[in-house]
file structure_14.csv (CSV, C-alpha atoms)
chain,number,residue,atom,x,y,z
R,1,MET,CA,120.8,69.3,142.2
R,2,THR,CA,120.2,67.7,145.6
R,3,LEU,CA,116.7,67.3,146.9
R,4,ASN,CA,116.9,67.9,150.7
R,5,LEU,CA,114.2,65.4,151.7
R,6,GLN,CA,114.4,66.1,155.4
R,7,GLN,CA,114.0,69.8,155.1
R,8,GLN,CA,111.0,69.4,152.8
R,9,ALA,CA,109.3,66.5,154.7
R,10,GLN,CA,107.3,68.6,157.2
R,11,ARG,CA,106.1,71.0,154.5
R,12,ARG,CA,105.0,68.0,152.4
R,13,MET,CA,103.1,66.4,155.3
R,14,ARG,CA,101.0,69.6,155.7
R,15,ARG,CA,100.0,69.7,152.1
R,16,ALA,CA,96.7,68.3,151.0
R,17,LEU,CA,97.6,65.2,149.1
R,18,PHE,CA,95.1,63.6,146.8
R,19,PHE,CA,95.0,60.5,144.7
R,20,LEU,CA,93.3,61.0,141.4
R,21,VAL,CA,90.9,58.1,141.2
R,22,GLY,CA,90.1,57.2,137.6
R,23,LEU,CA,92.2,60.1,136.3
R,24,VAL,CA,90.6,61.2,133.1
R,25,LEU,CA,92.9,63.9,131.7
R,26,VAL,CA,93.6,63.6,128.0
R,27,LEU,CA,97.2,63.8,129.0
R,28,VAL,CA,97.2,60.5,130.9
R,29,GLY,CA,94.3,58.8,129.2
R,30,ALA,CA,95.8,59.4,125.7
R,31,LEU,CA,99.3,60.8,125.6
R,32,VAL,CA,100.9,59.0,128.5
R,33,ALA,CA,98.8,56.0,127.7
R,34,ILE,CA,100.4,55.5,124.4
R,35,ALA,CA,103.6,57.6,124.7
R,36,PHE,CA,104.6,55.7,127.7
R,37,THR,CA,102.2,54.2,130.3
R,38,GLY,CA,99.6,52.5,128.1
R,39,GLY,CA,96.9,53.3,130.7
R,40,ASP,CA,95.9,56.1,132.8
R,41,SER,CA,98.2,57.1,135.7
R,42,THR,CA,96.0,56.0,138.5
R,43,LYS,CA,93.8,53.0,139.3
R,44,ALA,CA,91.5,52.1,136.5
R,45,ALA,CA,89.7,54.3,134.0
R,46,SER,CA,91.4,53.9,130.7
R,47,ASP,CA,88.7,53.3,128.1
R,48,SER,CA,88.0,55.9,125.4
R,49,LYS,CA,85.1,57.4,127.3
R,50,ALA,CA,87.4,58.4,130.2
R,51,THR,CA,89.4,60.7,128.0
R,52,GLU,CA,86.2,62.6,127.1
R,53,SER,CA,85.3,63.6,130.6
R,54,ALA,CA,85.7,67.2,131.7
R,55,GLY,CA,88.3,66.6,134.3
R,56,PRO,CA,89.7,64.5,137.1
R,57,SER,CA,87.8,63.4,140.2
R,58,PRO,CA,90.3,63.9,143.1
R,59,THR,CA,89.6,62.2,146.4
R,60,PRO,CA,91.8,62.1,149.5
R,61,THR,CA,93.0,58.6,149.7
R,62,VAL,CA,96.6,58.9,150.8
R,63,ARG,CA,96.9,56.8,153.9
R,64,PRO,CA,97.3,59.1,157.0
R,65,ASP,CA,100.7,59.0,158.6
R,66,ASP,CA,101.6,60.7,161.8
R,67,GLY,CA,104.9,59.1,162.3
R,68,GLY,CA,107.1,62.0,161.2
R,69,TYR,CA,109.8,61.8,158.5
R,70,VAL,CA,111.1,58.3,157.6
R,71,ALA,CA,114.1,58.2,155.4
R,72,PRO,CA,113.8,56.0,152.2
R,73,ALA,CA,115.1,52.5,152.8
R,74,GLU,CA,116.1,52.1,149.1
R,75,THR,CA,117.5,54.5,146.6
R,76,VAL,CA,118.3,53.9,143.0
R,77,LYS,CA,120.7,55.9,140.9
R,78,LEU,CA,119.1,56.2,137.4
R,79,PRO,CA,121.5,56.9,134.5
R,80,ASP,CA,121.5,59.9,132.4
R,81,GLY,CA,120.8,59.6,128.7
R,82,ALA,CA,123.9,59.8,126.5
R,83,THR,CA,122.4,62.7,124.5
R,84,LYS,CA,119.4,65.0,124.2
R,85,ALA,CA,116.5,65.2,121.9
R,86,ALA,CA,114.5,68.4,121.2
R,87,GLY,CA,117.1,70.4,123.1
R,88,ASN,CA,116.4,69.1,126.6
R,89,LEU,CA,115.0,65.6,126.7
R,90,PRO,CA,117.4,62.9,127.7
R,91,VAL,CA,117.6,59.9,125.3
R,92,GLN,CA,119.9,57.0,124.5
R,93,PHE,CA,119.7,55.3,127.9
R,94,PRO,CA,121.8,52.3,128.8
R,95,HIS,CA,120.5,48.8,127.9
R,96,THR,CA,119.8,48.0,131.5
R,97,PRO,CA,116.6,47.9,133.7
R,98,GLU,CA,117.8,51.1,135.3
R,99,GLY,CA,118.1,52.7,131.8
R,100,ALA,CA,114.5,51.6,131.1
R,101,ALA,CA,113.3,53.2,134.4
R,102,ALA,CA,115.2,56.4,133.6
R,103,MET,CA,113.4,56.6,130.3
R,104,ALA,CA,110.1,56.1,132.0
R,105,VAL,CA,110.8,58.8,134.5
R,106,ALA,CA,111.8,61.3,131.8
R,107,SER,CA,108.8,60.5,129.7
R,108,VAL,CA,106.2,60.9,132.5
R,109,ARG,CA,107.8,64.1,133.8
R,110,ASN,CA,107.7,65.7,130.4
R,111,ALA,CA,104.1,64.6,129.7
R,112,TRP,CA,102.8,66.9,132.6
R,113,ASN,CA,103.3,70.1,130.5
R,114,MET,CA,101.1,72.9,129.4
R,115,ASP,CA,103.1,73.6,126.2
R,116,PRO,CA,101.8,71.4,123.3
R,117,ALA,CA,105.2,71.7,121.5
R,118,GLN,CA,106.9,70.2,124.6
R,119,VAL,CA,104.3,67.4,124.9
R,120,ARG,CA,104.7,66.5,121.3
R,121,ALA,CA,108.5,66.5,121.6
R,122,GLY,CA,108.2,64.0,124.5
R,123,ILE,CA,105.9,61.7,122.4
R,124,LEU,CA,108.4,61.8,119.5
R,125,ALA,CA,111.3,61.1,121.9
R,126,TYR,CA,109.9,58.4,124.1
R,127,SER,CA,107.1,56.5,122.3
R,128,SER,CA,107.5,53.4,120.3
R,129,ALA,CA,107.6,53.9,116.5
R,130,GLN,CA,104.3,52.1,115.9
R,131,TYR,CA,102.4,54.7,118.1
R,132,ARG,CA,104.5,57.8,117.6
R,133,ASP,CA,102.9,59.6,114.7
R,134,GLN,CA,99.3,58.8,115.8
R,135,MET,CA,99.8,60.2,119.3
R,136,ALA,CA,101.8,63.2,118.2
R,137,THR,CA,98.7,64.5,116.6
R,138,ALA,CA,97.1,64.6,120.1
R,139,ALA,CA,99.7,66.8,121.7
R,140,GLU,CA,97.6,69.9,121.6
R,141,ASP,CA,94.7,68.1,123.3
R,142,GLY,CA,97.1,66.8,125.9
R,143,ALA,CA,98.4,70.3,126.8
R,144,LYS,CA,94.8,71.5,127.0
R,145,GLY,CA,94.0,68.7,129.4
R,146,ASN,CA,96.9,69.6,131.6
R,147,ARG,CA,95.7,73.3,131.7
R,148,GLN,CA,92.3,72.1,132.7
R,149,TYR,CA,93.7,69.9,135.4
R,150,ALA,CA,95.6,73.0,136.8
R,151,GLY,CA,92.4,75.1,136.8
R,152,ILE,CA,93.5,77.2,133.8
R,153,PRO,CA,91.3,77.9,130.7
R,154,ASP,CA,92.5,75.6,127.9
R,155,THR,CA,93.0,78.4,125.4
R,156,GLY,CA,94.6,81.8,125.6
R,157,PRO,CA,97.8,83.0,127.3
R,158,LEU,CA,98.8,81.4,130.6
R,159,PRO,CA,98.0,83.5,133.7
R,160,ALA,CA,101.0,85.0,135.4
R,161,GLY,CA,102.4,82.5,137.9
R,162,ALA,CA,100.5,79.5,136.6
R,163,THR,CA,102.5,76.3,137.2
R,164,LEU,CA,102.2,72.6,136.7
R,165,VAL,CA,105.2,70.6,137.9
R,166,ALA,CA,105.6,66.8,138.1
R,167,TRP,CA,108.3,65.5,140.4
R,168,PRO,CA,109.1,61.8,140.2
R,169,ILE,CA,109.7,60.6,143.8
R,170,GLY,CA,109.8,56.8,143.5
R,171,VAL,CA,110.1,54.0,141.1
R,172,LYS,CA,109.7,50.2,140.8
R,173,TYR,CA,110.8,48.1,137.9
R,174,SER,CA,111.1,44.5,136.9
R,175,ALA,CA,112.7,43.0,133.8
R,176,VAL,CA,110.4,40.8,131.7
R,177,ASN,CA,113.4,39.9,129.6
R,178,SER,CA,116.6,41.8,128.5
R,179,ASP,CA,114.6,43.9,126.1
R,180,THR,CA,111.4,44.5,128.1
R,181,VAL,CA,111.0,46.2,131.5
R,182,ASP,CA,107.8,47.0,133.4
R,183,VAL,CA,108.0,50.2,135.4
R,184,LEU,CA,105.9,52.1,138.0
R,185,VAL,CA,106.7,55.7,138.6
R,186,LEU,CA,105.4,57.5,141.7
R,187,LEU,CA,105.0,61.3,141.2
R,188,ARG,CA,104.1,64.3,143.2
R,189,VAL,CA,102.3,66.7,140.8
R,190,THR,CA,101.9,70.3,142.0
R,191,HIS,CA,99.8,73.0,140.3
R,192,ALA,CA,98.7,76.6,140.8
R,193,ALA,CA,96.3,78.5,138.5
R,194,LYS,CA,98.0,81.9,138.9
R,195,THR,CA,100.2,84.0,141.2
R,196,GLY,CA,98.9,83.9,144.7
R,197,ALA,CA,96.8,80.8,144.2
R,198,GLU,CA,97.3,78.1,146.8
R,199,PRO,CA,99.3,75.2,145.2
R,200,THR,CA,97.7,71.8,145.2
R,201,THR,CA,99.7,68.6,145.3
R,202,THR,CA,98.6,65.2,144.1
R,203,ILE,CA,100.3,61.8,144.3
R,204,VAL,CA,100.1,59.8,141.1
R,205,VAL,CA,101.1,56.2,140.2
R,206,SER,CA,102.0,55.9,136.6
R,207,PRO,CA,102.5,52.4,135.1
R,208,GLY,CA,104.4,51.6,131.9
R,209,ARG,CA,106.4,49.1,129.8
R,210,ALA,CA,109.7,49.9,128.2
R,211,VAL,CA,111.0,48.0,125.2
R,212,TRP,CA,114.5,48.2,123.6
R,213,GLU,CA,113.9,49.6,120.1
R,214,GLY,CA,116.4,51.1,117.7
R,215,GLY,CA,119.2,51.3,120.3
R,216,ASP,CA,117.1,53.0,123.0
R,217,TRP,CA,114.2,52.4,125.4
R,218,LYS,CA,110.8,53.3,124.2
R,219,GLY,CA,107.3,53.2,125.7
R,220,VAL,CA,104.5,50.8,124.7
R,221,PRO,CA,101.0,50.3,126.0
R,222,THR,CA,100.4,48.2,129.1
R,223,ASN,CA,97.3,46.4,130.3
R,224,PRO,CA,95.0,49.2,131.4
R,225,GLY,CA,93.3,46.9,134.0
R,226,GLN,CA,96.5,46.0,135.8
R,227,PRO,CA,96.3,46.5,139.6
R,228,LEU,CA,98.3,49.4,140.9
R,229,PRO,CA,99.7,50.2,144.3
R,230,GLU,CA,98.1,52.9,146.4
R,231,PRO,CA,99.8,56.3,146.2
R,232,VAL,CA,102.2,57.1,149.1
R,233,ASP,CA,104.4,60.1,149.7
R,234,ILE,CA,108.1,59.9,150.1
R,235,GLY,CA,109.3,60.4,153.7
R,236,THR,CA,106.6,58.1,155.1
R,237,ALA,CA,106.8,54.6,156.5
R,238,TYR,CA,104.4,53.5,153.7
R,239,PHE,CA,106.9,54.4,151.0
R,240,ASN,CA,109.3,51.8,152.4
R,241,GLU,CA,106.6,49.2,153.2
R,242,ASP,CA,105.5,49.3,149.6
R,243,ARG,CA,109.1,48.9,148.4
R,244,TRP,CA,109.4,52.1,146.5
R,245,LYS,CA,112.9,53.2,145.6
R,246,ALA,CA,113.8,56.9,145.9
R,247,ILE,CA,115.1,58.3,142.7
R,248,GLN,CA,118.6,59.6,142.1
R,249,GLU,CA,119.1,60.7,138.4
R,250,GLY,CA,122.6,61.3,137.3
R,251,ASP,CA,124.1,63.6,139.9
R,252,ARG,CA,120.6,64.7,141.1
R,253,LEU,CA,118.6,63.3,144.0

call {"tool": "encode", "arguments": {"input": "structure_14.csv", "output": "structure tokens"}}
result
Amino acid sequence: MTLNLQQQAQRRMRRALFFLVGLVLVLVGALVAIAFTGGDSTKAASDSKATESAGPSPTPTVRPDDGGYVAPAETVKLPDGATKAAGNLPVQFPHTPEGAAAMAVASVRNAWNMDPAQVRAGILAYSSAQYRDQMATAAEDGAKGNRQYAGIPDTGPLPAGATLVAWPIGVKYSAVNSDTVDVLVLLRVTHAAKTGAEPTTTIVVSPGRAVWEGGDWKGVPTNPGQPLPEPVDIGTAYFNEDRWKAIQEGDRL
């Protein structure tokens, strides 16, 4: 499926874009922290107290841009996994830096989910064996944290029309060695609490480290204090200035 960037650019520029400073969702502070990123998906807060907070503290920090649509200067084609786990999760990526980045993108996308079974499936598919079982027990809390983030009560049936969608829009990666790759994933996360609710979009930077383990790439914790780039939207000059690569996965852009 092709993402028509130019047709969507103007709509994106009119959206309220927020960067979650010190994101404290259980999802990112615990699940993504161990299942892939090893820290929260924004600037800093990654200690255990952060995951106990009631919710995120969004502040508008995306740099203003009035220059109109700017096409991405760099695009990377990320490979598909050779097979699927849990029905729909791509796994068995190539032993290349692009394969590591593809795993990271798949892991982070799946983590933004309100279904605890799906969150758990992602942990089992993408986390390193030494963290897998421990973090799988937190899947239900992760799904509850995602519901809270989307403005939905953390128990009971989902309201009609409630949505939480993470769309990876950019990636950076660098090989530490042939079996270790550091990855940054830039995501646009959109949520609405129910039918008719105004969707809210946030831009999130998610750091991670991929290691080659058992014939596939798996996620391990990273340094939670590492500096992260500011969030920027695709289609802006800042996206290119910060050297993000637009993502093409398999046959999808």

call {"tool": "atom_distance", "arguments": {"input": "structure_14.csv", "atom1": "atom CA of Pro207 of chain R", "atom2": "atom CA of Leu184 of chain R"}}
result
4.5 Å

call {"tool": "atom_distance", "arguments": {"input": "structure_14.csv", "atom1": "atom CA of Ala166 of chain R", "atom2": "atom CA of Val189 of chain R"}}
result
4.3 Å

call {"tool": "residues_around", "arguments": {"input": "structure_14.csv", "residues": "Asn88 of chain R", "least_positions_apart": "3", "cutoff": "10 Å", "atoms": "only C-alpha atoms", "output": "list in words"}}
result
Thr83, Lys84, Ala85, Val91, Gln118, Ala121 and Gly122 of chain R

call {"tool": "atom_distance", "arguments": {"input": "structure_14.csv", "atom1": "atom CA of Arg109 of chain R", "atom2": "atom CA of Pro90 of chain R"}}
result
11.4 Å

call {"tool": "residues_around", "arguments": {"input": "structure_14.csv", "residues": "segment 100-102 of chain R", "least_positions_apart": "6", "cutoff": "12 Å", "atoms": "all atoms listed in the file", "output": "ChimeraX atom specification"}}
result
/R:36-37,76-82,89-94,108-109,126,168,170-186,206-213,215-220,245,247-250

call {"tool": "write_last_selection", "arguments": {"input": "structure_14.csv", "atoms": "C-alpha atoms", "output": "PDB file, keeping the file's coordinate frame"}}
result
ATOM      1  CA  PHE R  36     104.600  55.700 127.700  1.00  0.00           C
ATOM      2  CA  THR R  37     102.200  54.200 130.300  1.00  0.00           C
ATOM      3  CA  VAL R  76     118.300  53.900 143.000  1.00  0.00           C
ATOM      4  CA  LYS R  77     120.700  55.900 140.900  1.00  0.00           C
ATOM      5  CA  LEU R  78     119.100  56.200 137.400  1.00  0.00           C
ATOM      6  CA  PRO R  79     121.500  56.900 134.500  1.00  0.00           C
ATOM      7  CA  ASP R  80     121.500  59.900 132.400  1.00  0.00           C
ATOM      8  CA  GLY R  81     120.800  59.600 128.700  1.00  0.00           C
ATOM      9  CA  ALA R  82     123.900  59.800 126.500  1.00  0.00           C
ATOM     10  CA  LEU R  89     115.000  65.600 126.700  1.00  0.00           C
ATOM     11  CA  PRO R  90     117.400  62.900 127.700  1.00  0.00           C
ATOM     12  CA  VAL R  91     117.600  59.900 125.300  1.00  0.00           C
ATOM     13  CA  GLN R  92     119.900  57.000 124.500  1.00  0.00           C
ATOM     14  CA  PHE R  93     119.700  55.300 127.900  1.00  0.00           C
ATOM     15  CA  PRO R  94     121.800  52.300 128.800  1.00  0.00           C
ATOM     16  CA  VAL R 108     106.200  60.900 132.500  1.00  0.00           C
ATOM     17  CA  ARG R 109     107.800  64.100 133.800  1.00  0.00           C
ATOM     18  CA  TYR R 126     109.900  58.400 124.100  1.00  0.00           C
ATOM     19  CA  PRO R 168     109.100  61.800 140.200  1.00  0.00           C
ATOM     20  CA  GLY R 170     109.800  56.800 143.500  1.00  0.00           C
ATOM     21  CA  VAL R 171     110.100  54.000 141.100  1.00  0.00           C
ATOM     22  CA  LYS R 172     109.700  50.200 140.800  1.00  0.00           C
ATOM     23  CA  TYR R 173     110.800  48.100 137.900  1.00  0.00           C
ATOM     24  CA  SER R 174     111.100  44.500 136.900  1.00  0.00           C
ATOM     25  CA  ALA R 175     112.700  43.000 133.800  1.00  0.00           C
ATOM     26  CA  VAL R 176     110.400  40.800 131.700  1.00  0.00           C
ATOM     27  CA  ASN R 177     113.400  39.900 129.600  1.00  0.00           C
ATOM     28  CA  SER R 178     116.600  41.800 128.500  1.00  0.00           C
ATOM     29  CA  ASP R 179     114.600  43.900 126.100  1.00  0.00           C
ATOM     30  CA  THR R 180     111.400  44.500 128.100  1.00  0.00           C
ATOM     31  CA  VAL R 181     111.000  46.200 131.500  1.00  0.00           C
ATOM     32  CA  ASP R 182     107.800  47.000 133.400  1.00  0.00           C
ATOM     33  CA  VAL R 183     108.000  50.200 135.400  1.00  0.00           C
ATOM     34  CA  LEU R 184     105.900  52.100 138.000  1.00  0.00           C
ATOM     35  CA  VAL R 185     106.700  55.700 138.600  1.00  0.00           C
ATOM     36  CA  LEU R 186     105.400  57.500 141.700  1.00  0.00           C
ATOM     37  CA  SER R 206     102.000  55.900 136.600  1.00  0.00           C
ATOM     38  CA  PRO R 207     102.500  52.400 135.100  1.00  0.00           C
ATOM     39  CA  GLY R 208     104.400  51.600 131.900  1.00  0.00           C
ATOM     40  CA  ARG R 209     106.400  49.100 129.800  1.00  0.00           C
ATOM     41  CA  ALA R 210     109.700  49.900 128.200  1.00  0.00           C
ATOM     42  CA  VAL R 211     111.000  48.000 125.200  1.00  0.00           C
ATOM     43  CA  TRP R 212     114.500  48.200 123.600  1.00  0.00           C
ATOM     44  CA  GLU R 213     113.900  49.600 120.100  1.00  0.00           C
ATOM     45  CA  GLY R 215     119.200  51.300 120.300  1.00  0.00           C
ATOM     46  CA  ASP R 216     117.100  53.000 123.000  1.00  0.00           C
ATOM     47  CA  TRP R 217     114.200  52.400 125.400  1.00  0.00           C
ATOM     48  CA  LYS R 218     110.800  53.300 124.200  1.00  0.00           C
ATOM     49  CA  GLY R 219     107.300  53.200 125.700  1.00  0.00           C
ATOM     50  CA  VAL R 220     104.500  50.800 124.700  1.00  0.00           C
ATOM     51  CA  LYS R 245     112.900  53.200 145.600  1.00  0.00           C
ATOM     52  CA  ILE R 247     115.100  58.300 142.700  1.00  0.00           C
ATOM     53  CA  GLN R 248     118.600  59.600 142.100  1.00  0.00           C
ATOM     54  CA  GLU R 249     119.100  60.700 138.400  1.00  0.00           C
ATOM     55  CA  GLY R 250     122.600  61.300 137.300  1.00  0.00           C
TER      56      GLY R 250
END
